[in-house]
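Report on one structure; see the data block that follows.
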Amino acid sequence: YQEQFDDSTRWTDRIVSSSGDWSGNVYDFYFKVYNRIAQDIKTPFKIKNGERIDDTPVHTALREALANCIINADYYGRQGLVIIKKRDTITFSNPGNFRIDVEAAKSGGVSDPRNTTLIKMFNLIDIGERAGSGIPNIYRVWDRQGWEPPVITEDFEPERITLSLSVISEPNDLSTVSGKKTLIKSVDKKR
């Protein structure tokens with residue numbers, strides 16, 4: 001995991017499994033990284049049954065993206081998992097190829113996880129459903145946020161899947177202000 005917030009340095013912060021200051025296992029990696037990528041996501045004040053709800057659809061989509069990256073990685077392949085958080089994007093990249101057609105994954109309803117033991121582990125902690133609904137949900141949430149659509153790329157030498165999630169609005173989004181349509185310009189905000 002890398003945070004790249006400054007163009008003059010290779011990374012601002014990072015987490016590697018071999019650092020020796022944490023277990024380095026997949027379970028701990030998931031939570032360390034999820035907490036970092038979710039920390040800048042706004043959480044509106046919402047109470048349900050007397051308890052504060054700190055979860056949003058964006059949080060759910062980020063959990064699904066990270067879990068998919070881990071579950072579908074080819075751990076015998078070249079290179080490793082790489083999650084990069086920049087001011088305007090988060091990318092999830094894992095070794096391996098898609099086991100189903102990319103368009104079928106976007107449509108949903110088909111699930112063929114590479115690592116069934118990992119998916120069982122994530123199911124036990126209520127992350128992921130193995131229903132093939134994760135990727136379509138990510139696209140739906142990003143559309144509702146008015147953010148640029150997610151981009152999935154598949155490389156073949158070496159085999160690698162990358163999901164890029166923009167966390168800024170499209171520059172040509174129109175919004176109604178005082179009954180008039182105005183252009184909302186994307187501003188690089190500190191996140």
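Residue numbers start at 1 in each chain; chains themselves are named A, B, ... in the order of the structure tokens; ligands are numbered from 1 in the order shown.
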Close residues, A:Ser17 itself excluded, 10 Å, only C-alpha atoms, min 4 positions apart in chain, as a PyMOL selection string: chain A and resi 1+21-26+28-29
For the residues in that selection, give me C-alpha atoms as a PDB file, in the first residue's frame.
ATOM      1  CA  TYR A   1       0.000   0.000   0.000  1.00  0.00           C
ATOM      2  CA  ASP A  21       6.371  -3.938  12.603  1.00  0.00           C
ATOM      3  CA  TRP A  22       3.105  -5.865  12.052  1.00  0.00           C
ATOM      4  CA  SER A  23       2.043  -9.461  11.276  1.00  0.00           C
ATOM      5  CA  GLY A  24       2.111  -9.059   7.489  1.00  0.00           C
ATOM      6  CA  ASN A  25      -0.861 -11.414   7.055  1.00  0.00           C
ATOM      7  CA  VAL A  26      -3.729 -10.845   4.613  1.00  0.00           C
ATOM      8  CA  ASP A  28      -4.312  -7.526   9.051  1.00  0.00           C
ATOM      9  CA  PHE A  29      -3.326  -6.043   5.675  1.00  0.00           C
TER      10      PHE A  29
END
Write out as CSV the residues of stretch 121-140 of chain A that have any atom within 8 Å of an atom of stretch 40-64 of chain A, one row each with the nearest atom pair and its distance in Å to one decimal, counting only C-alpha atoms, sorted by chain and then rising number.
residue,atom,partner,partner_atom,distance
A:Ile127,CA,A:Glu64,CA,7.0
A:Gly128,CA,A:Glu64,CA,6.1
A:Gly134,CA,A:Glu64,CA,5.9
A:Ile135,CA,A:Glu64,CA,7.9
A:Asn137,CA,A:Ala61,CA,6.7
A:Ile138,CA,A:Ala61,CA,5.1
I need the residues from that last selection saved to file as a PDB file, in the first residue's frame (with all heavy atoms), if you can.
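Now in selection.pdb:
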ATOM      1  N   ILE A 127     -17.791  -9.416   4.946  1.00  0.00           N
ATOM      2  CA  ILE A 127     -17.259  -8.633   3.835  1.00  0.00           C
ATOM      3  C   ILE A 127     -17.368  -9.503   2.592  1.00  0.00           C
ATOM      4  O   ILE A 127     -16.824 -10.596   2.538  1.00  0.00           O
ATOM      5  CB  ILE A 127     -15.795  -8.225   4.075  1.00  0.00           C
ATOM      6  CG1 ILE A 127     -15.724  -7.314   5.306  1.00  0.00           C
ATOM      7  CG2 ILE A 127     -15.216  -7.528   2.855  1.00  0.00           C
ATOM      8  CD1 ILE A 127     -14.338  -7.064   5.816  1.00  0.00           C
ATOM      9  N   GLY A 128     -18.108  -9.008   1.600  1.00  0.00           N
ATOM     10  CA  GLY A 128     -18.313  -9.749   0.364  1.00  0.00           C
ATOM     11  C   GLY A 128     -19.474 -10.721   0.496  1.00  0.00           C
ATOM     12  O   GLY A 128     -19.803 -11.184   1.579  1.00  0.00           O
ATOM     13  N   GLY A 134     -20.393  -7.254  -6.419  1.00  0.00           N
ATOM     14  CA  GLY A 134     -19.438  -6.246  -5.949  1.00  0.00           C
ATOM     15  C   GLY A 134     -19.059  -5.217  -6.984  1.00  0.00           C
ATOM     16  O   GLY A 134     -19.143  -4.009  -6.733  1.00  0.00           O
ATOM     17  N   ILE A 135     -18.640  -5.654  -8.151  1.00  0.00           N
ATOM     18  CA  ILE A 135     -18.202  -4.703  -9.183  1.00  0.00           C
ATOM     19  C   ILE A 135     -19.362  -3.849  -9.676  1.00  0.00           C
ATOM     20  O   ILE A 135     -19.224  -2.621  -9.758  1.00  0.00           O
ATOM     21  CB  ILE A 135     -17.459  -5.428 -10.322  1.00  0.00           C
ATOM     22  CG1 ILE A 135     -16.121  -5.963  -9.785  1.00  0.00           C
ATOM     23  CG2 ILE A 135     -17.234  -4.500 -11.519  1.00  0.00           C
ATOM     24  CD1 ILE A 135     -15.319  -6.802 -10.755  1.00  0.00           C
ATOM     25  N   ASN A 137     -21.926  -2.959  -8.019  1.00  0.00           N
ATOM     26  CA  ASN A 137     -22.225  -2.035  -6.931  1.00  0.00           C
ATOM     27  C   ASN A 137     -21.220  -0.883  -6.899  1.00  0.00           C
ATOM     28  O   ASN A 137     -21.593   0.266  -6.677  1.00  0.00           O
ATOM     29  CB  ASN A 137     -22.247  -2.755  -5.587  1.00  0.00           C
ATOM     30  CG  ASN A 137     -22.655  -1.828  -4.474  1.00  0.00           C
ATOM     31  OD1 ASN A 137     -23.694  -1.180  -4.535  1.00  0.00           O
ATOM     32  ND2 ASN A 137     -21.816  -1.733  -3.457  1.00  0.00           N
ATOM     33  N   ILE A 138     -19.950  -1.165  -7.127  1.00  0.00           N
ATOM     34  CA  ILE A 138     -18.928  -0.115  -7.151  1.00  0.00           C
ATOM     35  C   ILE A 138     -19.267   0.893  -8.250  1.00  0.00           C
ATOM     36  O   ILE A 138     -19.256   2.107  -8.023  1.00  0.00           O
ATOM     37  CB  ILE A 138     -17.525  -0.708  -7.348  1.00  0.00           C
ATOM     38  CG1 ILE A 138     -17.120  -1.537  -6.122  1.00  0.00           C
ATOM     39  CG2 ILE A 138     -16.493   0.395  -7.620  1.00  0.00           C
ATOM     40  CD1 ILE A 138     -15.890  -2.413  -6.339  1.00  0.00           C
TER      41      ILE A 138
END
Tell me, counting only C-alpha atoms, for each residue of stretch 8-82 of chain A within 12 Å of stretch 110-123 of chain A, which pair of atoms is nearest and how far apart they are in Å to one decimal, in rows ordered by chain and increasing number, as a Markdown table.
| residue | atom | partner | partner_atom | distance |
| --- | --- | --- | --- | --- |
| A:Asn25 | CA | A:Leu118 | CA | 11.7 |
| A:Val26 | CA | A:Leu118 | CA | 8.8 |
| A:Tyr27 | CA | A:Phe122 | CA | 8.6 |
| A:Asp28 | CA | A:Phe122 | CA | 11.9 |
| A:Tyr30 | CA | A:Phe122 | CA | 9.8 |
| A:Phe31 | CA | A:Phe122 | CA | 11.3 |
| A:Arg63 | CA | A:Phe122 | CA | 10.4 |
| A:Glu64 | CA | A:Phe122 | CA | 10.1 |
| A:Leu66 | CA | A:Phe122 | CA | 11.0 |
| A:Ala67 | CA | A:Phe122 | CA | 7.5 |
| A:Asn68 | CA | A:Pro113 | CA | 8.3 |
| A:Cys69 | CA | A:Pro113 | CA | 10.3 |
| A:Ile70 | CA | A:Leu118 | CA | 8.0 |
| A:Ile71 | CA | A:Asn115 | CA | 5.5 |
| A:Asn72 | CA | A:Arg114 | CA | 4.9 |
| A:Ala73 | CA | A:Arg114 | CA | 7.0 |
| A:Asp74 | CA | A:Arg114 | CA | 7.3 |
| A:Tyr75 | CA | A:Asn115 | CA | 9.3 |
| A:Tyr76 | CA | A:Arg114 | CA | 11.5 |
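Taking atom CA of A:Ile100 as the reference point, atom CA of A:Ile37 is found at 27.0 Å.
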Picked from stretch 22-120 of chain A by DSSP as strand (DSSP E), as a PyMOL selection string: chain A and resi 47-48+51-52+82-86+89-95
Contact residues around A:Gln2 with only C-alpha atoms at 8 Å, ignoring same-chain residues under 5 positions, as a list in words: Trp11, Thr12, Asp13, Arg14, Ile15, Val82, Ile83, Ile84 and Lys85 of chain A
Please produce an output containing N, CA, C and O atoms for each residue in the selection, written as an mmCIF file, in the first residue's frame.
data_model
loop_
_atom_site.group_PDB
_atom_site.id
_atom_site.type_symbol
_atom_site.label_atom_id
_atom_site.label_comp_id
_atom_site.auth_asym_id
_atom_site.auth_seq_id
_atom_site.Cartn_x
_atom_site.Cartn_y
_atom_site.Cartn_z
ATOM 1 N N TRP A 11 6.654 8.055 -2.490
ATOM 2 C CA TRP A 11 5.444 7.836 -1.716
ATOM 3 C C TRP A 11 5.508 8.697 -0.470
ATOM 4 O O TRP A 11 6.572 9.029 0.043
ATOM 5 N N THR A 12 4.349 9.065 0.033
ATOM 6 C CA THR A 12 4.251 9.844 1.249
ATOM 7 C C THR A 12 4.262 8.914 2.457
ATOM 8 O O THR A 12 4.792 9.239 3.508
ATOM 9 N N ASP A 13 3.642 7.739 2.286
ATOM 10 C CA ASP A 13 3.609 6.713 3.331
ATOM 11 C C ASP A 13 3.351 5.384 2.644
ATOM 12 O O ASP A 13 2.866 5.340 1.518
ATOM 13 N N ARG A 14 3.691 4.283 3.322
ATOM 14 C CA ARG A 14 3.418 2.970 2.738
ATOM 15 C C ARG A 14 3.330 1.905 3.812
ATOM 16 O O ARG A 14 3.800 2.086 4.935
ATOM 17 N N ILE A 15 2.727 0.791 3.427
ATOM 18 C CA ILE A 15 2.621 -0.393 4.271
ATOM 19 C C ILE A 15 3.136 -1.562 3.430
ATOM 20 O O ILE A 15 2.659 -1.773 2.314
ATOM 21 N N VAL A 82 -0.836 -4.242 -5.038
ATOM 22 C CA VAL A 82 -0.407 -2.851 -4.911
ATOM 23 C C VAL A 82 -1.661 -1.984 -4.859
ATOM 24 O O VAL A 82 -2.440 -1.962 -5.812
ATOM 25 N N ILE A 83 -1.852 -1.307 -3.750
ATOM 26 C CA ILE A 83 -2.958 -0.366 -3.605
ATOM 27 C C ILE A 83 -2.327 1.003 -3.440
ATOM 28 O O ILE A 83 -1.470 1.198 -2.574
ATOM 29 N N ILE A 84 -2.723 1.937 -4.307
ATOM 30 C CA ILE A 84 -2.143 3.283 -4.279
ATOM 31 C C ILE A 84 -3.255 4.299 -4.067
ATOM 32 O O ILE A 84 -4.240 4.326 -4.809
ATOM 33 N N LYS A 85 -3.074 5.128 -3.048
ATOM 34 C CA LYS A 85 -4.018 6.207 -2.769
ATOM 35 C C LYS A 85 -3.342 7.523 -3.107
ATOM 36 O O LYS A 85 -2.284 7.853 -2.565
#
Residue set, chain A restricted to helix (DSSP H, G or I), as a ChimeraX atom specification: /A:26-38,57-71,102-107,116-124,134-145
Contacts of stretch 36-120 of chain A with stretch 149-158 of chain A up to 12 Å, shortest pair per row, only C-alpha atoms, as a Markdown table:
| residue | atom | partner | partner_atom | distance |
| --- | --- | --- | --- | --- |
| A:Ala61 | CA | A:Pro150 | CA | 11.2 |
| A:Leu62 | CA | A:Pro150 | CA | 11.7 |
| A:Ala65 | CA | A:Pro150 | CA | 10.7 |
| A:Cys69 | CA | A:Ile152 | CA | 11.8 |
| A:Asp74 | CA | A:Pro158 | CA | 11.3 |
| A:Tyr76 | CA | A:Pro158 | CA | 12.0 |
| A:Gly77 | CA | A:Pro158 | CA | 8.2 |
| A:Arg78 | CA | A:Pro158 | CA | 6.7 |
| A:Gln79 | CA | A:Pro158 | CA | 8.4 |
| A:Gly80 | CA | A:Pro158 | CA | 11.2 |
| A:Thr89 | CA | A:Pro150 | CA | 9.8 |
| A:Ile90 | CA | A:Pro150 | CA | 10.0 |
| A:Thr91 | CA | A:Val151 | CA | 9.3 |
| A:Phe92 | CA | A:Ile152 | CA | 9.6 |
| A:Ser93 | CA | A:Thr153 | CA | 9.3 |
| A:Asn94 | CA | A:Glu154 | CA | 10.0 |
| A:Pro95 | CA | A:Pro158 | CA | 7.7 |
| A:Gly96 | CA | A:Pro158 | CA | 8.1 |
| A:Asn97 | CA | A:Glu154 | CA | 6.8 |
| A:Phe98 | CA | A:Glu154 | CA | 7.6 |
| A:Arg99 | CA | A:Glu154 | CA | 11.2 |
| A:Ile100 | CA | A:Glu154 | CA | 11.8 |
| A:Asp101 | CA | A:Glu154 | CA | 10.7 |
| A:Val102 | CA | A:Ile152 | CA | 8.0 |
| A:Glu103 | CA | A:Ile152 | CA | 10.0 |
| A:Ala105 | CA | A:Ile152 | CA | 10.3 |
| A:Lys106 | CA | A:Ile152 | CA | 9.4 |
Residues from the last selection, N, CA and C atoms, saved as a PDB file, in the first residue's frame:
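What ended up in again.pdb:
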ATOM      1  N   ALA A  61     -18.422   0.112  -0.939  1.00  0.00           N
ATOM      2  CA  ALA A  61     -17.774  -0.120  -2.233  1.00  0.00           C
ATOM      3  C   ALA A  61     -16.257  -0.246  -2.083  1.00  0.00           C
ATOM      4  N   LEU A  62     -15.659   0.565  -1.227  1.00  0.00           N
ATOM      5  CA  LEU A  62     -14.208   0.469  -1.002  1.00  0.00           C
ATOM      6  C   LEU A  62     -13.836  -0.859  -0.347  1.00  0.00           C
ATOM      7  N   ALA A  65     -14.000  -3.442  -3.095  1.00  0.00           N
ATOM      8  CA  ALA A  65     -12.866  -3.330  -4.022  1.00  0.00           C
ATOM      9  C   ALA A  65     -11.602  -3.927  -3.411  1.00  0.00           C
ATOM     10  N   CYS A  69      -9.679  -7.407  -4.569  1.00  0.00           N
ATOM     11  CA  CYS A  69      -8.257  -7.360  -4.921  1.00  0.00           C
ATOM     12  C   CYS A  69      -7.498  -8.486  -4.212  1.00  0.00           C
ATOM     13  N   ASP A  74      -3.512 -13.725  -7.744  1.00  0.00           N
ATOM     14  CA  ASP A  74      -2.765 -14.957  -7.995  1.00  0.00           C
ATOM     15  C   ASP A  74      -1.462 -14.839  -7.201  1.00  0.00           C
ATOM     16  N   TYR A  76       0.767 -16.854  -6.652  1.00  0.00           N
ATOM     17  CA  TYR A  76       1.911 -17.541  -7.253  1.00  0.00           C
ATOM     18  C   TYR A  76       2.413 -16.773  -8.476  1.00  0.00           C
ATOM     19  N   GLY A  77       1.696 -15.705  -8.843  1.00  0.00           N
ATOM     20  CA  GLY A  77       2.068 -14.907 -10.006  1.00  0.00           C
ATOM     21  C   GLY A  77       3.206 -13.957  -9.678  1.00  0.00           C
ATOM     22  N   ARG A  78       3.600 -13.211 -10.694  1.00  0.00           N
ATOM     23  CA  ARG A  78       4.665 -12.230 -10.516  1.00  0.00           C
ATOM     24  C   ARG A  78       4.093 -10.969  -9.874  1.00  0.00           C
ATOM     25  N   GLN A  79       4.932 -10.314  -9.105  1.00  0.00           N
ATOM     26  CA  GLN A  79       4.577  -9.083  -8.400  1.00  0.00           C
ATOM     27  C   GLN A  79       3.547  -9.374  -7.311  1.00  0.00           C
ATOM     28  N   GLY A  80       3.120  -8.383  -6.607  1.00  0.00           N
ATOM     29  CA  GLY A  80       2.187  -8.566  -5.508  1.00  0.00           C
ATOM     30  C   GLY A  80       1.023  -7.609  -5.608  1.00  0.00           C
ATOM     31  N   THR A  89      -7.409   9.668  -6.786  1.00  0.00           N
ATOM     32  CA  THR A  89      -7.717   8.300  -7.193  1.00  0.00           C
ATOM     33  C   THR A  89      -7.216   7.281  -6.166  1.00  0.00           C
ATOM     34  N   ILE A  90      -7.858   6.140  -6.210  1.00  0.00           N
ATOM     35  CA  ILE A  90      -7.389   4.977  -5.456  1.00  0.00           C
ATOM     36  C   ILE A  90      -7.337   3.837  -6.465  1.00  0.00           C
ATOM     37  N   THR A  91      -6.183   3.170  -6.566  1.00  0.00           N
ATOM     38  CA  THR A  91      -6.069   2.038  -7.481  1.00  0.00           C
ATOM     39  C   THR A  91      -5.792   0.762  -6.692  1.00  0.00           C
ATOM     40  N   PHE A  92      -6.442  -0.294  -7.123  1.00  0.00           N
ATOM     41  CA  PHE A  92      -6.288  -1.621  -6.536  1.00  0.00           C
ATOM     42  C   PHE A  92      -5.744  -2.512  -7.643  1.00  0.00           C
ATOM     43  N   SER A  93      -4.574  -3.089  -7.432  1.00  0.00           N
ATOM     44  CA  SER A  93      -3.945  -3.881  -8.475  1.00  0.00           C
ATOM     45  C   SER A  93      -3.455  -5.199  -7.893  1.00  0.00           C
ATOM     46  N   ASN A  94      -3.776  -6.294  -8.584  1.00  0.00           N
ATOM     47  CA  ASN A  94      -3.337  -7.595  -8.107  1.00  0.00           C
ATOM     48  C   ASN A  94      -2.825  -8.447  -9.266  1.00  0.00           C
ATOM     49  N   PRO A  95      -1.908  -9.376  -8.958  1.00  0.00           N
ATOM     50  CA  PRO A  95      -1.424 -10.275  -9.997  1.00  0.00           C
ATOM     51  C   PRO A  95      -2.511 -11.281 -10.371  1.00  0.00           C
ATOM     52  N   GLY A  96      -2.532 -11.659 -11.635  1.00  0.00           N
ATOM     53  CA  GLY A  96      -3.511 -12.624 -12.115  1.00  0.00           C
ATOM     54  C   GLY A  96      -4.373 -12.012 -13.196  1.00  0.00           C
ATOM     55  N   ASN A  97      -5.241 -12.845 -13.759  1.00  0.00           N
ATOM     56  CA  ASN A  97      -6.158 -12.362 -14.788  1.00  0.00           C
ATOM     57  C   ASN A  97      -7.589 -12.555 -14.308  1.00  0.00           C
ATOM     58  N   PHE A  98      -8.525 -11.986 -15.081  1.00  0.00           N
ATOM     59  CA  PHE A  98      -9.935 -12.187 -14.771  1.00  0.00           C
ATOM     60  C   PHE A  98     -10.292 -13.625 -15.097  1.00  0.00           C
ATOM     61  N   ARG A  99     -11.030 -14.262 -14.218  1.00  0.00           N
ATOM     62  CA  ARG A  99     -11.465 -15.638 -14.466  1.00  0.00           C
ATOM     63  C   ARG A  99     -12.818 -15.670 -15.172  1.00  0.00           C
ATOM     64  N   ILE A 100     -13.446 -14.504 -15.286  1.00  0.00           N
ATOM     65  CA  ILE A 100     -14.665 -14.348 -16.079  1.00  0.00           C
ATOM     66  C   ILE A 100     -14.456 -13.159 -16.990  1.00  0.00           C
ATOM     67  N   ASP A 101     -15.305 -13.000 -17.979  1.00  0.00           N
ATOM     68  CA  ASP A 101     -15.214 -11.863 -18.886  1.00  0.00           C
ATOM     69  C   ASP A 101     -15.411 -10.554 -18.111  1.00  0.00           C
ATOM     70  N   VAL A 102     -14.620  -9.544 -18.421  1.00  0.00           N
ATOM     71  CA  VAL A 102     -14.698  -8.258 -17.708  1.00  0.00           C
ATOM     72  C   VAL A 102     -16.108  -7.673 -17.803  1.00  0.00           C
ATOM     73  N   GLU A 103     -16.720  -7.747 -18.969  1.00  0.00           N
ATOM     74  CA  GLU A 103     -18.075  -7.198 -19.128  1.00  0.00           C
ATOM     75  C   GLU A 103     -19.077  -7.975 -18.278  1.00  0.00           C
ATOM     76  N   ALA A 105     -18.350  -9.372 -15.430  1.00  0.00           N
ATOM     77  CA  ALA A 105     -18.090  -8.913 -14.059  1.00  0.00           C
ATOM     78  C   ALA A 105     -18.794  -7.584 -13.800  1.00  0.00           C
ATOM     79  N   LYS A 106     -18.776  -6.686 -14.786  1.00  0.00           N
ATOM     80  CA  LYS A 106     -19.440  -5.389 -14.635  1.00  0.00           C
ATOM     81  C   LYS A 106     -20.957  -5.549 -14.558  1.00  0.00           C
TER      82      LYS A 106
END
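When only C-alpha atoms are used to compute distances to A:Leu163, the closest of the residues A:Asp126, A:Ser107, A:Ser133, A:Tyr139 turns out to be A:Tyr139.
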